[in-house]
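Here is the structure we will look at, set down as structure tokens.
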Amino acid sequence: MTEKKEETSEKRSLNFVEAIVEEDLRSGRDQGKVHTRFPPEPNGYLHIGHAKAICLDFGIAEQHGGKCNLRFDDTNPVKEDVEYVDSIKEDIKWLGFDWEEREYYTSDYFGKLYDFAVELIKKGLAYVDDQSSEEMASQKGTPTEPGSHSPFRERSAEENLDLFQRMNTGEFPEGSRVLRAKIDMASSNMHMRDPVIYRIIFHPHHRTGDRWKVYPMYDFAHGQSDFFEGITHSLCTLEFEVHRPLYDWLVEHLKADDYRPRQTEFNRLNLSYTVLSKRVLLNLVKEGHVNGWDDPRMPTISGLRRRGYTPESIRNFNDSIGYTKVMATNDVGLLEFAIREELNKRAPRVMGVLDPLKLIITNYPEGKTEEMETINNPEDESMGSRTIPFSREVYIERGDFMEDPPRKFFRLGPGREVRLKSAYIIKCEDYKKDEQGNITEVYCTYDEATRSGGPEAGRKVKGTLHWVSAKDAIEAEVRLYDRLFNDPDPAGHKDKNPADFLNPDSLRVITGYVEPSLKEAKPLDHFQFQRLGYFNVDPDTTPGKLVFNRTVTLRDNWAKRG
RNA sequence: UGACCCGUGGUGUAAUUGGCAACACGUCUGAUUUUGGUUCAGAAGAGUCCAGGUUCGAGCCCUGGCGGGUCAACCA
């Protein structure tokens, strides 16, 4: 009975890509094989949008006993660099995916691709065009009007062959000639109007150096590379939909058996208050709006990692948003939910005070220190407990005391009682202000019987405060992040630079006091500073200097009820 | 005024071969809590872009509209 219930509850609906793959499996397509690939161009760092593609490409293969290749789509030497190759590999591994030994480069296929181009020329399906890009553009027509033929369209195969070979020896300057596929200048699909498939570039390639002077275009290289690798399902984003006829046309002319890779498009990730464009992200880095690709405010994988996001949370986020063909914008709150959900389970609770106010317990003996036991994580008993020092003078959060508290304020105020977490119930007897009227010190008395675990520990008070012992606390640099942009769609404004919408308060650096146990914290360890949010230790941390990043705040109903 | 793709609560996704629209986030109640967190209980919120048609029955099929996206780089 219960078994049946579990079965049905575990049954989750397939996204449309999974449905296609499973249908292919049922129908025996590709001998029951599933082989995908993740094909980044090494021209920038991976971001959360790439993570969505990675989860699909590798995930689909994993689910169906297939494989997923990593392929660097390096057909444009001008924009690419090994720096990016390394970071991409690191990020994919960190996300928890493994391409095993299948690390490929489109540049590995330059020879085969060249041979295929020659074959097309021989078949009369490609020709060398001597016109400028402007001239070719003017002949291209518009989406509603057909284009016209290039004067070079009917060159003989021999002449084309000769010219193409000489293009690759460096005999002709960049931009002087291209190789085009001869398809249909009147096609309603602009991509079929004799697309350029090879161009001359002298810039050395990061892997092949100056061996080639002629480089294939994306459209020419991609489907063929899929074909060479035996890819069954070539998954890409929606904007490539109109490229598919060209993809199919080229693959068709490679003809081998009845095997054809098939391109399927899914929706790219859009996130509110976030920009996911390598070009814009590169500008943010170059113009110094952020401190590099791994700045914790960046939506890059490396930025999210440094911010305290975990691979698990990113994968869960991807599962929750799904894959469709709908142009969608996901609420960035969903990503925040994913990390809160995970860190709630895993992050130890520790005490920290970011905006300290000194609280003196007047009836507590001077010079005395007690070790108070406190549980590391109420969500997980197995994480055990630790002790934290308590003494006469502690710091509390400045916001936890109000001289004239409103009705629903549960924390400290004149004459009020409140519990110091894991310690005693205290009562506010007095407080001191400076000339400007700022509270400088709060004086309380404590009730020894209310010690945590003590005889009157069960007494109810309105609120619980977090604290650190003033003489024992250690200082830490704390970096508080807010959204980088203050517009829900920073890239969606015509004629405006996304940088115009930068949030000036996206980073606030303060010095806080944290409990002494944190001296042992290691980079990327995460903690919940109770009531202040989830934090992780930044790699900038060195033996003498503790640095925390706030990954995300806690859900805060108090602020909303205000 | 072309081709292709898309149109389900505020947001993102579901809905076996057509069978009285489900889930998550968010929002709002209430309970518990030595975190205003967590957890638990509950509520509101769409009748599926519009109009026809087929059918006993349409979010799913057909026709026609409307709306949005992509495409005219020697970028990917």
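How things are named: the first chain in the structure tokens is A, the next is B, and so on; residues count from 1 in each chain; ligands count from 1 in the order shown.
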
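Look at A:Gly96: the protein and nucleic acid residues within 9 Å of it, using only C-alpha atoms (C1' of nucleotides) and passing over chain neighbours fewer than 5 places away, are Asp91, Pro311 and Glu312 of chain A.
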
Please dump the current selection as a PDB file, in the first residue's frame; keep C-alpha atoms.
```
ATOM      1  CA  ASP A  91      33.594  25.264 -13.008  1.00  0.00           C
ATOM      2  CA  PRO A 311      26.812  23.002  -6.508  1.00  0.00           C
ATOM      3  CA  GLU A 312      23.831  21.231  -5.015  1.00  0.00           C
TER       4      GLU A 312
END
```

Determine which residues of chain B sit within 8 Å of chain A, taking into account only C-alpha atoms (C1' of nucleotides), and present them as a PDB file with C-alpha atoms (C1' of nucleotides), in the first residue's frame.
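out-v5.pdb was written with the following content:
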```
ATOM      1  C1'   G B   2       8.408  36.942 -44.734  1.00  0.00           C
ATOM      2  C1'   A B   3      10.014  32.356 -42.207  1.00  0.00           C
ATOM      3  C1'   C B   4      10.457  29.834 -37.692  1.00  0.00           C
ATOM      4  C1'   C B   5       9.231  29.457 -32.385  1.00  0.00           C
ATOM      5  C1'   C B   6       6.117  30.565 -28.218  1.00  0.00           C
ATOM      6  C1'   U B  11       6.758  34.299 -11.243  1.00  0.00           C
ATOM      7  C1'   G B  12       8.439  29.526 -13.162  1.00  0.00           C
ATOM      8  C1'   U B  13       6.626  24.855 -14.439  1.00  0.00           C
ATOM      9  C1'   A B  14       2.626  20.202 -14.555  1.00  0.00           C
ATOM     10  C1'   A B  24       7.195  25.081  -6.450  1.00  0.00           C
ATOM     11  C1'   C B  25       8.605  30.102  -5.291  1.00  0.00           C
ATOM     12  C1'   U B  34      16.207  29.540  23.604  1.00  0.00           C
ATOM     13  C1'   U B  35      17.063  32.238  15.805  1.00  0.00           C
ATOM     14  C1'   G B  36      10.801  37.249  14.087  1.00  0.00           C
ATOM     15  C1'   G B  37      14.986  31.423  11.133  1.00  0.00           C
ATOM     16  C1'   U B  38      13.241  26.363  10.838  1.00  0.00           C
ATOM     17  C1'   G B  69      10.473  36.235 -29.276  1.00  0.00           C
ATOM     18  C1'   U B  70      14.305  34.939 -32.976  1.00  0.00           C
ATOM     19  C1'   C B  71      16.601  35.775 -37.842  1.00  0.00           C
ATOM     20  C1'   A B  72      19.319  40.307 -42.596  1.00  0.00           C
ATOM     21  C1'   C B  74      33.617  37.500 -42.351  1.00  0.00           C
ATOM     22  C1'   A B  76      28.958  31.914 -30.988  1.00  0.00           C
TER      23        A B  76
END
```

Neighbour list for A:Lys358 as a ChimeraX atom specification, cut-off 9 Å, only C-alpha atoms (C1' of nucleotides), skip fewer than 4 positions in-chain: /A:393-398,440-443,470

B:G9 environment, 10 Å, only C-alpha atoms (C1' of nucleotides), sequence neighbours closer than 5 positions dropped, as a count of residues only: 3

Contacts of A:Ser517 at 9 Å (only C-alpha atoms (C1' of nucleotides); same-chain gap of 4+ positions) as JSON, numbers by chain: {"A": [350, 386, 387, 388, 521]}

Among listed residues A:Gly384, A:Cys55, A:Tyr364, A:Lys33, nearest A:Asp319 (using only C-alpha atoms): A:Cys55

Excluding same-chain residues fewer than 3 positions from A:Asp487, what lies within 8 Å of it counting only C-alpha atoms (C1' of nucleotides), as a PDB file with N, CA and C atoms, in the first residue's frame?
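Result went into result00.pdb, see below:
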```pdb
ATOM      1  N   TYR A 273      16.791  41.050 -12.144  1.00  0.00           N
ATOM      2  CA  TYR A 273      17.857  41.826 -11.499  1.00  0.00           C
ATOM      3  C   TYR A 273      19.256  41.316 -11.830  1.00  0.00           C
ATOM      4  N   PRO A 490      17.794  44.733 -16.204  1.00  0.00           N
ATOM      5  CA  PRO A 490      18.819  45.731 -16.538  1.00  0.00           C
ATOM      6  C   PRO A 490      19.259  45.704 -17.999  1.00  0.00           C
ATOM      7  N   PHE A 501      22.187  50.928 -14.517  1.00  0.00           N
ATOM      8  CA  PHE A 501      21.267  50.459 -13.482  1.00  0.00           C
ATOM      9  C   PHE A 501      21.977  49.797 -12.317  1.00  0.00           C
TER      10      PHE A 501
END
```

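Atom pair atom CA of A:Ile121 / atom CA of A:Thr169 has a distance of 17.6 Å (rounded to one decimal).
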
Closest of A:Ser469, A:Gln263, A:Gln31, A:Asn160 to A:Phe227 - atom-to-atom distances counting only C-alpha atoms: A:Gln263

Residue neighbourhood A:Pro405, 12 Å, only C-alpha atoms (C1' of nucleotides), exclusion window fewer than 5 positions, as a PyMOL selection string: chain A and resi 399-400+410-416

Residue subset to file, keeping all heavy atoms, as a PDB file, in the first residue's frame:
```pdb
ATOM      1  N   GLY A 399      20.479  46.964  16.583  1.00  0.00           N
ATOM      2  CA  GLY A 399      19.060  46.952  16.247  1.00  0.00           C
ATOM      3  C   GLY A 399      18.210  46.141  17.224  1.00  0.00           C
ATOM      4  O   GLY A 399      16.984  46.142  17.142  1.00  0.00           O
ATOM      5  N   ASP A 400      18.871  45.429  18.140  1.00  0.00           N
ATOM      6  CA  ASP A 400      18.124  44.601  19.086  1.00  0.00           C
ATOM      7  C   ASP A 400      17.714  45.361  20.335  1.00  0.00           C
ATOM      8  O   ASP A 400      17.105  44.797  21.240  1.00  0.00           O
ATOM      9  CB  ASP A 400      18.950  43.363  19.478  1.00  0.00           C
ATOM     10  CG  ASP A 400      18.988  42.336  18.365  1.00  0.00           C
ATOM     11  OD1 ASP A 400      18.197  42.469  17.418  1.00  0.00           O
ATOM     12  OD2 ASP A 400      19.821  41.412  18.427  1.00  0.00           O
ATOM     13  N   PHE A 410       9.857  42.529  19.777  1.00  0.00           N
ATOM     14  CA  PHE A 410      10.021  41.475  20.781  1.00  0.00           C
ATOM     15  C   PHE A 410      11.355  41.520  21.512  1.00  0.00           C
ATOM     16  O   PHE A 410      11.639  40.660  22.324  1.00  0.00           O
ATOM     17  CB  PHE A 410       9.907  40.091  20.125  1.00  0.00           C
ATOM     18  CG  PHE A 410       8.584  39.837  19.466  1.00  0.00           C
ATOM     19  CD1 PHE A 410       8.475  38.887  18.467  1.00  0.00           C
ATOM     20  CD2 PHE A 410       7.443  40.539  19.852  1.00  0.00           C
ATOM     21  CE1 PHE A 410       7.260  38.630  17.851  1.00  0.00           C
ATOM     22  CE2 PHE A 410       6.224  40.281  19.247  1.00  0.00           C
ATOM     23  CZ  PHE A 410       6.130  39.336  18.238  1.00  0.00           C
ATOM     24  N   ARG A 411      12.200  42.464  21.151  1.00  0.00           N
ATOM     25  CA  ARG A 411      13.543  42.410  21.719  1.00  0.00           C
ATOM     26  C   ARG A 411      13.710  43.374  22.900  1.00  0.00           C
ATOM     27  O   ARG A 411      12.746  43.633  23.610  1.00  0.00           O
ATOM     28  CB  ARG A 411      14.558  42.669  20.596  1.00  0.00           C
ATOM     29  CG  ARG A 411      14.634  41.485  19.650  1.00  0.00           C
ATOM     30  CD  ARG A 411      15.355  41.792  18.370  1.00  0.00           C
ATOM     31  NE  ARG A 411      14.424  42.196  17.315  1.00  0.00           N
ATOM     32  CZ  ARG A 411      14.806  42.689  16.152  1.00  0.00           C
ATOM     33  NH1 ARG A 411      16.087  42.854  15.899  1.00  0.00           N
ATOM     34  NH2 ARG A 411      13.925  43.032  15.253  1.00  0.00           N
ATOM     35  N   LEU A 412      14.929  43.875  23.087  1.00  0.00           N
ATOM     36  CA  LEU A 412      15.218  44.601  24.323  1.00  0.00           C
ATOM     37  C   LEU A 412      14.794  46.066  24.292  1.00  0.00           C
ATOM     38  O   LEU A 412      14.906  46.741  23.271  1.00  0.00           O
ATOM     39  CB  LEU A 412      16.721  44.501  24.601  1.00  0.00           C
ATOM     40  CG  LEU A 412      17.181  44.685  26.053  1.00  0.00           C
ATOM     41  CD1 LEU A 412      16.495  43.699  26.976  1.00  0.00           C
ATOM     42  CD2 LEU A 412      18.695  44.563  26.140  1.00  0.00           C
ATOM     43  N   GLY A 413      14.323  46.535  25.447  1.00  0.00           N
ATOM     44  CA  GLY A 413      13.972  47.930  25.640  1.00  0.00           C
ATOM     45  C   GLY A 413      14.000  48.194  27.132  1.00  0.00           C
ATOM     46  O   GLY A 413      14.088  47.237  27.921  1.00  0.00           O
ATOM     47  N   PRO A 414      13.913  49.436  27.525  1.00  0.00           N
ATOM     48  CA  PRO A 414      13.962  49.766  28.947  1.00  0.00           C
ATOM     49  C   PRO A 414      12.947  48.947  29.742  1.00  0.00           C
ATOM     50  O   PRO A 414      11.776  48.890  29.388  1.00  0.00           O
ATOM     51  CB  PRO A 414      13.605  51.256  28.966  1.00  0.00           C
ATOM     52  CG  PRO A 414      14.018  51.751  27.620  1.00  0.00           C
ATOM     53  CD  PRO A 414      13.771  50.629  26.688  1.00  0.00           C
ATOM     54  N   GLY A 415      13.425  48.271  30.795  1.00  0.00           N
ATOM     55  CA  GLY A 415      12.546  47.500  31.657  1.00  0.00           C
ATOM     56  C   GLY A 415      12.151  46.146  31.106  1.00  0.00           C
ATOM     57  O   GLY A 415      11.483  45.369  31.774  1.00  0.00           O
ATOM     58  N   ARG A 416      12.567  45.835  29.897  1.00  0.00           N
ATOM     59  CA  ARG A 416      12.152  44.568  29.279  1.00  0.00           C
ATOM     60  C   ARG A 416      13.071  43.412  29.618  1.00  0.00           C
ATOM     61  O   ARG A 416      14.241  43.603  29.908  1.00  0.00           O
ATOM     62  CB  ARG A 416      12.126  44.718  27.758  1.00  0.00           C
ATOM     63  CG  ARG A 416      10.984  45.559  27.258  1.00  0.00           C
ATOM     64  CD  ARG A 416      11.039  45.567  25.752  1.00  0.00           C
ATOM     65  NE  ARG A 416       9.867  46.221  25.196  1.00  0.00           N
ATOM     66  CZ  ARG A 416       9.216  45.730  24.134  1.00  0.00           C
ATOM     67  NH1 ARG A 416       9.610  44.621  23.554  1.00  0.00           N
ATOM     68  NH2 ARG A 416       8.184  46.377  23.674  1.00  0.00           N
TER      69      ARG A 416
END
```

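We find atom CA of A:Leu254 and atom CA of A:Gly32 to be spaced 22.1 Å apart.
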
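Across the structure, atom CA of A:Leu125 and atom CA of A:Pro173 are spaced 24.0 Å apart.
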